>>> print(open('final-v9.csv').read())   # CSV, C-alpha atoms
chain,number,residue,atom,x,y,z
C,1,MET,CA,-14.0,-56.7,31.5
C,2,SER,CA,-12.3,-54.8,28.7
C,3,ALA,CA,-15.0,-52.1,28.5
C,4,SER,CA,-14.7,-51.2,32.1
C,5,HIS,CA,-10.9,-51.4,32.2
C,6,ASP,CA,-9.9,-48.8,29.7
C,7,PRO,CA,-8.2,-46.2,31.8
C,8,VAL,CA,-7.9,-43.8,28.9
C,9,ASP,CA,-11.7,-43.7,28.4
C,10,PRO,CA,-13.6,-43.8,31.7
C,11,ALA,CA,-16.9,-42.9,30.0
C,12,HIS,CA,-16.6,-46.1,27.9
C,13,HIS,CA,-17.9,-44.5,24.8
C,14,GLY,CA,-15.4,-45.3,22.0
C,15,HIS,CA,-14.3,-48.5,23.5
C,16,GLY,CA,-17.9,-49.6,24.3
C,17,HIS,CA,-18.8,-49.2,20.7
C,18,GLY,CA,-15.9,-51.2,19.4
C,19,SER,CA,-16.6,-54.0,21.9
C,20,ARG,CA,-20.3,-54.0,20.9
C,21,ARG,CA,-19.4,-54.7,17.3
C,22,GLY,CA,-17.0,-57.4,18.5
C,23,TYR,CA,-19.9,-58.8,20.6
C,24,TRP,CA,-22.2,-59.0,17.6
C,25,ILE,CA,-19.6,-60.6,15.4
C,26,GLY,CA,-18.9,-63.1,18.2
C,27,THR,CA,-22.7,-63.8,18.6
C,28,LEU,CA,-23.2,-64.5,14.9
C,29,LEU,CA,-20.1,-66.8,14.9
C,30,ALA,CA,-21.3,-68.6,18.0
C,31,ILE,CA,-24.7,-69.3,16.5
C,32,VAL,CA,-23.1,-70.6,13.2
C,33,LEU,CA,-20.6,-72.7,15.0
C,34,THR,CA,-23.3,-74.2,17.2
C,35,VAL,CA,-25.8,-74.9,14.4
C,36,LEU,CA,-23.2,-76.4,12.0
C,37,PRO,CA,-22.0,-79.4,14.2
C,38,PHE,CA,-25.6,-80.3,15.1
C,39,TRP,CA,-26.6,-80.2,11.4
C,40,LEU,CA,-23.6,-82.3,10.5
C,41,VAL,CA,-24.4,-85.0,13.1
C,42,MET,CA,-28.2,-85.0,13.1
C,43,GLY,CA,-28.5,-84.8,9.3
C,44,ASN,CA,-25.7,-87.3,8.8
C,45,VAL,CA,-24.5,-84.9,6.1
C,46,LEU,CA,-21.0,-86.3,5.4
C,47,ARG,CA,-21.8,-90.0,5.9
C,48,ASP,CA,-18.3,-90.4,7.4
C,49,PRO,CA,-18.2,-90.4,11.2
C,50,GLN,CA,-14.4,-89.8,11.3
C,51,VAL,CA,-14.4,-86.6,9.2
C,52,THR,CA,-17.5,-85.4,11.0
C,53,ALA,CA,-15.9,-86.0,14.4
C,54,ILE,CA,-12.7,-84.0,13.3
C,55,LEU,CA,-14.9,-81.2,12.0
C,56,ILE,CA,-17.1,-80.9,15.1
C,57,VAL,CA,-14.1,-80.9,17.4
C,58,ALA,CA,-12.4,-78.2,15.3
C,59,MET,CA,-15.6,-76.1,15.4
C,60,ALA,CA,-15.8,-76.5,19.2
C,61,LEU,CA,-12.3,-75.3,19.7
C,62,VAL,CA,-12.9,-72.3,17.4
C,63,GLN,CA,-16.2,-71.5,19.2
C,64,ILE,CA,-14.5,-71.7,22.6
C,65,VAL,CA,-11.9,-69.1,21.4
C,66,VAL,CA,-14.8,-66.9,19.9
C,67,HIS,CA,-16.7,-67.0,23.3
C,68,VAL,CA,-13.6,-66.2,25.3
C,69,VAL,CA,-12.7,-63.3,23.1
C,70,SER,CA,-16.1,-61.7,22.5
C,71,PHE,CA,-18.1,-62.7,25.6
C,72,LEU,CA,-15.4,-62.9,28.3
C,73,HIS,CA,-13.5,-60.1,26.6
C,74,LEU,CA,-10.1,-61.7,27.0
C,75,ASP,CA,-7.4,-59.5,25.5
C,76,THR,CA,-3.7,-58.9,25.9
C,77,ARG,CA,-4.2,-55.6,27.9
C,78,SER,CA,-6.7,-56.2,30.7
C,79,GLU,CA,-5.1,-56.6,34.1
C,80,GLY,CA,-1.7,-56.0,32.5
C,81,GLY,CA,-1.9,-59.3,30.7
C,82,TRP,CA,-2.4,-61.4,33.8
C,83,THR,CA,-5.8,-62.7,32.7
C,84,LEU,CA,-4.3,-63.9,29.4
C,85,LEU,CA,-1.4,-65.5,31.2
C,86,ALA,CA,-3.7,-67.3,33.6
C,87,PHE,CA,-5.9,-68.4,30.7
C,88,LEU,CA,-3.0,-69.8,28.7
C,89,PHE,CA,-1.7,-71.6,31.7
C,90,THR,CA,-5.1,-73.2,32.2
C,91,VAL,CA,-5.3,-74.2,28.6
C,92,VAL,CA,-2.0,-76.0,28.9
C,93,VAL,CA,-3.0,-77.8,32.0
C,94,VAL,CA,-6.4,-78.7,30.5
C,95,PHE,CA,-4.7,-80.2,27.5
C,96,ILE,CA,-2.2,-82.2,29.6
C,97,LEU,CA,-5.0,-83.4,31.9
C,98,ILE,CA,-7.5,-84.5,29.3
C,99,GLY,CA,-5.1,-85.5,26.5
C,100,GLY,CA,-2.7,-87.2,28.9
C,101,SER,CA,-5.4,-89.2,30.7
C,102,VAL,CA,-7.1,-90.4,27.5
C,103,TRP,CA,-3.7,-91.2,25.9
C,104,ILE,CA,-2.4,-93.2,28.9
C,105,MET,CA,-5.6,-95.0,29.6
C,106,PHE,CA,-6.1,-95.9,26.0
C,107,HIS,CA,-2.7,-97.5,25.8
C,108,LEU,CA,-3.2,-99.2,29.2
C,109,ASN,CA,-6.5,-100.7,28.0
C,110,THR,CA,-4.9,-101.9,24.7
C,111,ASN,CA,-2.1,-103.5,26.6
C,112,MET,CA,-4.3,-105.1,29.2
C,113,MET,CA,-6.8,-106.5,26.7
C,114,PRO,CA,-5.2,-110.0,26.3
C,115,MET,CA,-4.6,-110.4,30.0
C,116,SER,CA,-8.2,-109.6,31.0
C,117,GLY,CA,-9.4,-111.8,28.2
C,118,THR,CA,-7.4,-114.7,29.6
C,119,GLY,CA,-8.5,-113.9,33.1
C,120,ALA,CA,-12.1,-114.1,32.0
C,121,ALA,CA,-11.6,-117.4,30.1
C,122,MET,CA,-9.9,-118.9,33.2
C,123,GLY,CA,-12.4,-117.5,35.6
G,1,MET,CA,34.4,-65.1,65.1
G,2,PRO,CA,31.4,-64.3,67.3
G,3,ALA,CA,31.6,-60.7,66.3
G,4,SER,CA,31.7,-61.4,62.6
G,5,ARG,CA,28.9,-63.9,63.1
G,6,CYS,CA,26.9,-61.3,64.9
G,7,ARG,CA,27.4,-58.8,62.1
G,8,GLN,CA,26.4,-61.4,59.6
G,9,VAL,CA,23.2,-62.1,61.5
G,10,ARG,CA,22.6,-58.4,61.8
G,11,GLU,CA,23.2,-58.0,58.1
G,12,MET,CA,20.8,-60.8,57.4
G,13,SER,CA,18.2,-59.4,59.5
G,14,THR,CA,18.7,-56.0,57.9
G,15,GLN,CA,18.3,-57.7,54.5
G,16,GLY,CA,15.3,-59.6,55.7
G,17,HIS,CA,13.9,-56.3,57.0
G,18,SER,CA,14.5,-54.5,53.7
G,19,ALA,CA,12.9,-57.4,51.8
G,20,ALA,CA,9.9,-57.2,54.0
G,21,THR,CA,9.7,-53.5,53.5
G,22,THR,CA,9.9,-54.0,49.7
G,23,ILE,CA,7.1,-56.5,49.9
G,24,ALA,CA,5.0,-54.2,52.1
G,25,ASP,CA,5.8,-51.3,49.7
G,26,ARG,CA,4.6,-53.4,46.8
G,27,ASP,CA,1.5,-54.4,48.6
G,28,THR,CA,0.7,-50.8,49.4
G,29,TRP,CA,1.3,-49.8,45.9
G,30,HIS,CA,-1.0,-52.5,44.7
G,31,LEU,CA,-3.7,-51.7,47.2
G,32,ALA,CA,-3.4,-48.0,46.2
G,33,GLU,CA,-3.9,-49.0,42.6
G,34,GLU,CA,-6.8,-51.2,43.6
G,35,ASP,CA,-8.4,-48.2,45.4
G,36,ASP,CA,-8.0,-46.2,42.2
G,37,HIS,CA,-9.7,-48.8,40.1
G,38,GLY,CA,-12.4,-49.0,42.7
G,39,HIS,CA,-13.2,-45.3,42.4
G,40,ASP,CA,-13.0,-45.3,38.6
G,41,HIS,CA,-14.6,-48.5,37.5
G,42,GLY,CA,-15.9,-50.3,40.6
G,43,GLY,CA,-13.6,-53.2,40.0
G,44,GLY,CA,-10.1,-53.5,41.1
G,45,ALA,CA,-8.6,-56.8,42.1
G,46,THR,CA,-12.0,-58.5,42.0
G,47,TYR,CA,-11.9,-59.2,38.3
G,48,ILE,CA,-8.5,-60.9,38.2
G,49,GLY,CA,-9.5,-62.8,41.4
G,50,PHE,CA,-12.8,-63.9,39.8
G,51,TRP,CA,-10.9,-64.8,36.6
G,52,ILE,CA,-8.5,-67.1,38.6
G,53,TYR,CA,-11.6,-68.7,40.2
G,54,LEU,CA,-13.1,-69.4,36.7
G,55,MET,CA,-9.8,-70.9,35.6
G,56,SER,CA,-9.7,-73.2,38.6
G,57,ASP,CA,-13.3,-74.2,37.9
G,58,ALA,CA,-12.2,-74.9,34.3
G,59,LEU,CA,-9.7,-77.4,35.8
G,60,ILE,CA,-12.5,-79.2,37.8
G,61,PHE,CA,-14.4,-79.6,34.5
G,62,ALA,CA,-11.2,-80.7,32.8
G,63,SER,CA,-10.8,-83.6,35.2
G,64,LEU,CA,-14.4,-84.5,34.7
G,65,PHE,CA,-14.0,-84.4,30.9
G,66,ALA,CA,-10.8,-86.5,31.3
G,67,MET,CA,-12.7,-89.1,33.4
G,68,PHE,CA,-15.5,-89.1,30.8
G,69,GLY,CA,-13.0,-89.5,28.0
G,70,VAL,CA,-11.3,-92.5,29.7
G,71,VAL,CA,-14.6,-94.4,30.5
G,72,SER,CA,-16.7,-93.2,27.6
G,73,THR,CA,-16.8,-96.6,26.0
G,74,SER,CA,-17.1,-98.7,29.2
G,75,TYR,CA,-20.8,-99.5,28.8
G,76,ALA,CA,-20.7,-102.7,31.0
G,77,GLY,CA,-23.3,-104.2,28.8
G,78,GLY,CA,-25.5,-101.2,29.3
G,79,PRO,CA,-26.8,-98.7,26.7
G,80,ALA,CA,-24.5,-96.9,24.3
G,81,PRO,CA,-24.8,-93.1,23.8
G,82,ARG,CA,-26.5,-93.7,20.4
G,83,GLU,CA,-29.3,-95.5,22.1
G,84,ILE,CA,-30.1,-93.1,24.9
G,85,PHE,CA,-29.1,-89.5,23.7
G,86,GLU,CA,-31.9,-87.5,22.1
G,87,LEU,CA,-30.1,-84.9,20.0
G,88,PRO,CA,-33.2,-82.7,19.4
G,89,LEU,CA,-33.4,-82.3,23.2
G,90,VAL,CA,-29.7,-81.5,23.4
G,91,ALA,CA,-30.1,-79.0,20.5
G,92,LEU,CA,-32.9,-77.3,22.4
G,93,ASN,CA,-30.8,-77.1,25.5
G,94,THR,CA,-27.8,-75.7,23.6
G,95,ALA,CA,-30.0,-73.1,22.0
G,96,LEU,CA,-31.5,-72.1,25.4
G,97,LEU,CA,-28.1,-71.7,27.0
G,98,LEU,CA,-26.6,-69.8,24.0
G,99,ALA,CA,-29.6,-67.5,23.9
G,100,SER,CA,-29.2,-66.8,27.6
G,101,SER,CA,-25.6,-65.9,27.0
G,102,ILE,CA,-26.7,-63.4,24.3
G,103,THR,CA,-29.5,-61.9,26.5
G,104,PHE,CA,-26.9,-61.4,29.3
G,105,GLY,CA,-24.7,-59.7,26.8
G,106,GLU,CA,-27.6,-57.4,26.0
G,107,ALA,CA,-27.9,-56.4,29.6
G,108,MET,CA,-24.3,-55.3,29.9
G,109,PRO,CA,-24.4,-51.9,28.0
G,110,HIS,CA,-27.5,-51.0,30.0
G,111,MET,CA,-25.8,-51.9,33.2
G,112,GLU,CA,-22.7,-49.9,32.4
G,113,ALA,CA,-24.9,-46.9,31.6
G,114,GLY,CA,-26.6,-47.3,34.9
G,115,ARG,CA,-30.1,-48.0,33.5
G,116,VAL,CA,-31.7,-50.3,36.1
G,117,GLY,CA,-35.0,-51.1,34.3
G,118,PRO,CA,-33.6,-52.6,31.0
G,119,THR,CA,-30.7,-54.3,33.0
G,120,ARG,CA,-33.3,-56.1,35.2
G,121,ILE,CA,-35.4,-57.1,32.2
G,122,TRP,CA,-32.5,-58.6,30.2
G,123,LEU,CA,-31.2,-60.3,33.4
G,124,ALA,CA,-34.6,-61.8,34.2
G,125,LEU,CA,-34.9,-63.0,30.6
G,126,THR,CA,-31.4,-64.7,31.0
G,127,GLY,CA,-32.7,-66.3,34.2
G,128,LEU,CA,-35.8,-67.6,32.5
G,129,LEU,CA,-33.8,-69.2,29.7
G,130,GLY,CA,-31.3,-70.6,32.3
G,131,ALA,CA,-34.3,-72.1,34.3
G,132,ALA,CA,-35.7,-73.6,31.1
G,133,PHE,CA,-32.2,-75.2,30.4
G,134,VAL,CA,-32.1,-76.7,33.9
G,135,CYS,CA,-35.7,-78.0,33.5
G,136,VAL,CA,-34.9,-79.7,30.2
G,137,GLU,CA,-31.8,-81.2,31.7
G,138,LEU,CA,-33.7,-82.6,34.7
G,139,TYR,CA,-36.4,-84.0,32.3
G,140,GLU,CA,-33.6,-85.7,30.3
G,141,PHE,CA,-32.0,-87.1,33.5
G,142,SER,CA,-35.3,-88.4,34.8
G,143,ASN,CA,-36.0,-90.1,31.4
G,144,LEU,CA,-32.6,-91.7,31.4
G,145,ILE,CA,-33.1,-93.0,35.0
G,146,ALA,CA,-36.6,-94.3,34.2
G,147,GLU,CA,-35.1,-96.2,31.2
G,148,GLY,CA,-32.7,-97.9,33.5
G,149,ALA,CA,-29.8,-95.7,32.2
G,150,GLY,CA,-29.1,-94.2,35.6
G,151,PRO,CA,-25.6,-93.3,37.0
G,152,GLN,CA,-25.2,-96.7,38.6
G,153,ARG,CA,-25.7,-98.6,35.3
G,154,SER,CA,-22.1,-98.3,33.8
G,155,ALA,CA,-18.9,-96.3,34.2
G,156,PHE,CA,-19.9,-94.4,31.0
G,157,LEU,CA,-23.2,-93.3,32.6
G,158,SER,CA,-21.6,-92.5,36.0
G,159,ALA,CA,-19.1,-90.2,34.2
G,160,PHE,CA,-21.9,-88.7,32.1
G,161,PHE,CA,-24.1,-87.8,35.1
G,162,ALA,CA,-21.1,-86.5,37.0
G,163,LEU,CA,-20.0,-84.2,34.2
G,164,VAL,CA,-23.3,-83.0,33.0
G,165,GLY,CA,-24.7,-82.9,36.5
G,166,THR,CA,-21.8,-80.7,37.7
G,167,HIS,CA,-22.5,-78.3,34.9
G,168,GLY,CA,-26.2,-78.3,35.7
G,169,ALA,CA,-25.4,-77.6,39.4
G,170,HIS,CA,-23.3,-74.6,38.3
G,171,VAL,CA,-26.1,-73.3,36.1
G,172,THR,CA,-28.5,-73.7,39.1
G,173,VAL,CA,-26.1,-71.7,41.3
G,174,GLY,CA,-25.9,-69.1,38.6
G,175,LEU,CA,-29.8,-68.9,38.6
G,176,ILE,CA,-29.7,-68.3,42.4
G,177,TRP,CA,-27.1,-65.6,41.8
G,178,ILE,CA,-29.3,-63.9,39.1
G,179,VAL,CA,-32.3,-63.9,41.4
G,180,VAL,CA,-30.3,-62.4,44.2
G,181,SER,CA,-28.9,-59.7,41.8
G,182,LEU,CA,-32.4,-58.8,40.7
G,183,VAL,CA,-33.6,-58.4,44.2
G,184,GLN,CA,-30.5,-56.3,45.2
G,185,MET,CA,-30.9,-54.2,42.1
G,186,SER,CA,-34.5,-53.4,42.9
G,187,ARG,CA,-33.4,-52.3,46.4
G,188,HIS,CA,-30.1,-50.5,45.8
G,189,GLY,CA,-30.1,-49.7,42.1
G,190,LEU,CA,-26.8,-49.9,40.2
G,191,SER,CA,-24.1,-48.8,42.5
G,192,GLU,CA,-20.5,-49.4,41.7
G,193,ASP,CA,-20.6,-52.5,44.0
G,194,MET,CA,-23.6,-53.8,42.2
G,195,LYS,CA,-22.0,-53.3,38.8
G,196,ARG,CA,-18.9,-55.2,39.9
G,197,ARG,CA,-21.1,-58.1,41.1
G,198,VAL,CA,-23.1,-58.2,37.9
G,199,MET,CA,-19.9,-58.1,35.9
G,200,CYS,CA,-18.6,-61.2,37.8
G,201,LEU,CA,-22.0,-62.9,37.3
G,202,SER,CA,-21.8,-62.3,33.5
G,203,MET,CA,-18.3,-63.8,33.4
G,204,PHE,CA,-19.6,-66.8,35.4
G,205,TRP,CA,-22.6,-67.2,33.0
G,206,HIS,CA,-20.5,-66.9,29.8
G,207,PHE,CA,-18.0,-69.4,31.3
G,208,LEU,CA,-20.8,-72.0,31.8
G,209,ASP,CA,-21.8,-71.6,28.2
G,210,ILE,CA,-18.2,-72.2,27.2
G,211,ILE,CA,-18.1,-75.5,29.3
G,212,TRP,CA,-21.4,-76.5,27.5
G,213,ILE,CA,-19.6,-76.2,24.1
G,214,GLY,CA,-17.3,-79.0,25.4
G,215,VAL,CA,-20.3,-81.0,26.7
G,216,PHE,CA,-22.4,-81.0,23.6
G,217,THR,CA,-19.5,-81.6,21.3
G,218,PHE,CA,-17.5,-84.3,23.2
G,219,VAL,CA,-20.3,-86.0,25.2
G,220,TYR,CA,-23.4,-85.8,23.0
G,221,LEU,CA,-22.4,-85.3,19.3
G,222,TRP,CA,-19.2,-87.3,19.6
G,223,GLY,CA,-21.0,-90.0,21.5
G,224,VAL,CA,-23.7,-90.4,18.9
G,225,LEU,CA,-21.1,-90.5,16.1
G,226,ARG,CA,-19.3,-93.5,17.8
>>> encode(input="final-v9.csv", output="structure tokens")
Amino acid sequence: MSASHDPVDPAHHGHGHGSRRGYWIGTLLAIVLTVLPFWLVMGNVLRDPQVTAILIVAMALVQIVVHVVSFLHLDTRSEGGWTLLAFLFTVVVVFILIGGSVWIMFHLNTNMMPMSGTGAAMG
Amino acid sequence: MPASRCRQVREMSTQGHSAATTIADRDTWHLAEEDDHGHDHGGGATYIGFWIYLMSDALIFASLFAMFGVVSTSYAGGPAPREIFELPLVALNTALLLASSITFGEAMPHMEAGRVGPTRIWLALTGLLGAAFVCVELYEFSNLIAEGAGPQRSAFLSAFFALVGTHGAHVTVGLIWIVVSLVQMSRHGLSEDMKRRVMCLSMFWHFLDIIWIGVFTFVYLWGVLR
């Protein structure tokens, strides 16, 4: 997106070079951030599931940002910032949707537990 | 009273008219800009439109992830993730999809420079890696179903098949799109229209790789940790 949207440089030369370097840095980071979580979980390196879980989720979030920036070429300039705005809006909705659902249903399950237990005992 | 009312109405209609003119002007201005873009870069409003599509697709996956998160421990006496997920297979799949994202990235500079041959080779390589990904996923699914861990076994497995299956269906559509692009490129070369289409295809493909990051982290790795 960015390479083809630089109005100052229709031939793409300078910009293309810069985005190529960004692409390679992104590729290296993506490989590292993919290999590390698999290594942590498959090798049981930390022997602590909770710390491992926090680490792999953190790495996933970082890797998503890396992919969006270096592969989807999201920046503040393309389309006058509208792609960034749409992306940020989506991120907010995604967090509300996933976080909210899990949060609410977790509490619902916790509060329903004794009742369903009694029901099962009575049934 | 009627006269003033009449004037009011006329004023309102004038206002309405001027508002409509403004909107029309804005549209024209926008269309003109789009034309400009079309000549210079072969893009225009397509990219922002396709971007909005990708964002709405992300919301579909977000609801599937939310559903999976809610029922991810509802095994109904069936198998738990630790018993059925084979991480080496998932690692292979992840590597295939990431590699296909990288090969697509390799195709892009060739495409922008208008070199049809290398673009087609890298795109074909991307397609092969994507096809391998779908094959491994189908193999995994058939194994699970054969073990009795099909989508009807528990809420966890229903959500798993819905989420991973929807991603796999997207990749399959991407594969069809790649084949169509390869055929079109062999017939028409790399026109501005063609470049725009391949650009959208690359966004679609990279987007699917991003969704897969969520799948392998939250479904497979997290599931095995639990």
>>> closest_atom_pairs(input="final-v9.csv", of="chain G", to="chain C", cutoff="8 Å", atoms="only C-alpha atoms", output="CSV")
residue,atom,partner,partner_atom,distance
G:Asp40,CA,C:Pro10,CA,7.1
G:His41,CA,C:Ser4,CA,6.0
G:Tyr47,CA,C:Met1,CA,7.5
G:Ile48,CA,C:Thr83,CA,6.4
G:Trp51,CA,C:Thr83,CA,6.8
G:Ile52,CA,C:Ala86,CA,6.9
G:Met55,CA,C:Thr90,CA,6.2
G:Ser56,CA,C:Thr90,CA,7.9
G:Ala58,CA,C:Thr90,CA,7.6
G:Leu59,CA,C:Val94,CA,6.4
G:Ala62,CA,C:Val94,CA,5.7
G:Ser63,CA,C:Leu97,CA,6.7
G:Phe65,CA,C:Ile98,CA,6.7
G:Ala66,CA,C:Ile98,CA,4.3
G:Met67,CA,C:Ser101,CA,7.8
G:Gly69,CA,C:Val102,CA,6.0
G:Val70,CA,C:Val102,CA,5.2
G:Leu87,CA,C:Met42,CA,7.2
G:Ala91,CA,C:Phe38,CA,7.1
G:Thr94,CA,C:Thr34,CA,8.0
G:Leu98,CA,C:Ile31,CA,7.8
G:Ile102,CA,C:Thr27,CA,7.0
G:Gly105,CA,C:Phe71,CA,7.3
G:Pro109,CA,C:Gly16,CA,7.8
G:Met199,CA,C:Met1,CA,7.5
G:Met203,CA,C:Leu72,CA,5.9
G:His206,CA,C:Phe71,CA,6.4
G:Phe207,CA,C:Leu72,CA,7.6
G:Ile210,CA,C:Ile64,CA,5.9
G:Ile213,CA,C:Ala60,CA,6.2
G:Gly214,CA,C:Ala60,CA,6.9
G:Thr217,CA,C:Ala60,CA,6.6
G:Phe218,CA,C:Val57,CA,7.5
G:Leu221,CA,C:Val41,CA,6.5
G:Trp222,CA,C:Ala53,CA,6.3
G:Val224,CA,C:Val41,CA,8.0
G:Leu225,CA,C:Pro49,CA,5.7
G:Arg226,CA,C:Pro49,CA,7.4
>>> atom_distance(input="final-v9.csv", atom1="atom CA of Arg82 of chain G", atom2="atom CA of His170 of chain G")
26.4 Å
>>> residues_around(input="final-v9.csv", residues="segment 150-167 of chain G", least_positions_apart="6", cutoff="7 Å", atoms="only C-alpha atoms", output="number ranges by chain")
G: 64-65, 67-68, 71-76, 78, 144
>>> atom_distance(input="final-v9.csv", atom1="atom CA of Phe104 of chain G", atom2="atom CA of Trp205 of chain G")
8.1 Å
>>> atom_distance(input="final-v9.csv", atom1="atom CA of Val183 of chain G", atom2="atom CA of Trp212 of chain G")
27.5 Å
>>> closest_residue(input="final-v9.csv", among="G:Ala80, G:Met185, G:Leu175, G:Ile145", to="Arg120 of chain G", atoms="only C-alpha atoms")
G:Met185
>>> residues_near_point(input="final-v9.csv", point="(-24.3, -50.6, 37.4)", cutoff="6 Å", atoms="only C-alpha atoms", output="ChimeraX atom specification")
/G:111-112,114,190-192,194-195
>>> build_atoms(input="final-v9.csv", residues="segment 27-34 of chain C", atoms="all heavy atoms", output="compact mmCIF listing (two decimals), keeping the file's coordinate frame")
# COMPACT_ATOMS: atom_id res chain seq x y z
N THR C 27 -21.37 -63.15 18.52
CA THR C 27 -22.70 -63.80 18.60
C THR C 27 -23.03 -64.55 17.37
O THR C 27 -23.44 -65.72 17.41
CB THR C 27 -23.75 -62.76 18.95
OG1 THR C 27 -23.37 -62.05 20.12
CG2 THR C 27 -25.10 -63.40 19.16
N LEU C 28 -22.85 -63.88 16.22
CA LEU C 28 -23.20 -64.50 14.90
C LEU C 28 -22.30 -65.77 14.74
O LEU C 28 -22.80 -66.85 14.40
CB LEU C 28 -22.93 -63.54 13.79
CG LEU C 28 -24.03 -62.49 13.61
CD1 LEU C 28 -23.67 -61.54 12.47
CD2 LEU C 28 -25.37 -63.18 13.32
N LEU C 29 -21.00 -65.64 15.00
CA LEU C 29 -20.10 -66.80 14.90
C LEU C 29 -20.50 -67.92 15.78
O LEU C 29 -20.51 -69.09 15.39
CB LEU C 29 -18.66 -66.35 15.17
CG LEU C 29 -17.84 -65.74 14.03
CD1 LEU C 29 -16.50 -65.27 14.55
CD2 LEU C 29 -17.66 -66.75 12.91
N ALA C 30 -20.87 -67.57 17.03
CA ALA C 30 -21.30 -68.60 18.00
C ALA C 30 -22.47 -69.36 17.51
O ALA C 30 -22.53 -70.59 17.61
CB ALA C 30 -21.53 -67.96 19.36
N ILE C 31 -23.47 -68.63 16.95
CA ILE C 31 -24.70 -69.30 16.50
C ILE C 31 -24.32 -70.24 15.31
O ILE C 31 -24.72 -71.41 15.28
CB ILE C 31 -25.73 -68.26 16.03
CG1 ILE C 31 -26.24 -67.50 17.26
CG2 ILE C 31 -26.89 -68.93 15.30
CD1 ILE C 31 -27.13 -66.33 16.94
N VAL C 32 -23.52 -69.73 14.35
CA VAL C 32 -23.10 -70.60 13.20
C VAL C 32 -22.37 -71.80 13.66
O VAL C 32 -22.65 -72.93 13.23
CB VAL C 32 -22.28 -69.73 12.22
CG1 VAL C 32 -21.69 -70.63 11.15
CG2 VAL C 32 -23.13 -68.65 11.57
N LEU C 33 -21.41 -71.60 14.59
CA LEU C 33 -20.60 -72.70 15.00
C LEU C 33 -21.32 -73.68 15.94
O LEU C 33 -20.82 -74.77 16.23
CB LEU C 33 -19.34 -72.16 15.77
CG LEU C 33 -18.30 -71.48 14.87
CD1 LEU C 33 -17.31 -70.70 15.70
CD2 LEU C 33 -17.59 -72.52 14.02
N THR C 34 -22.52 -73.29 16.44
CA THR C 34 -23.30 -74.20 17.20
C THR C 34 -24.24 -75.00 16.25
O THR C 34 -24.40 -76.22 16.38
CB THR C 34 -24.20 -73.47 18.21
OG1 THR C 34 -23.35 -72.71 19.05
CG2 THR C 34 -25.00 -74.43 19.06
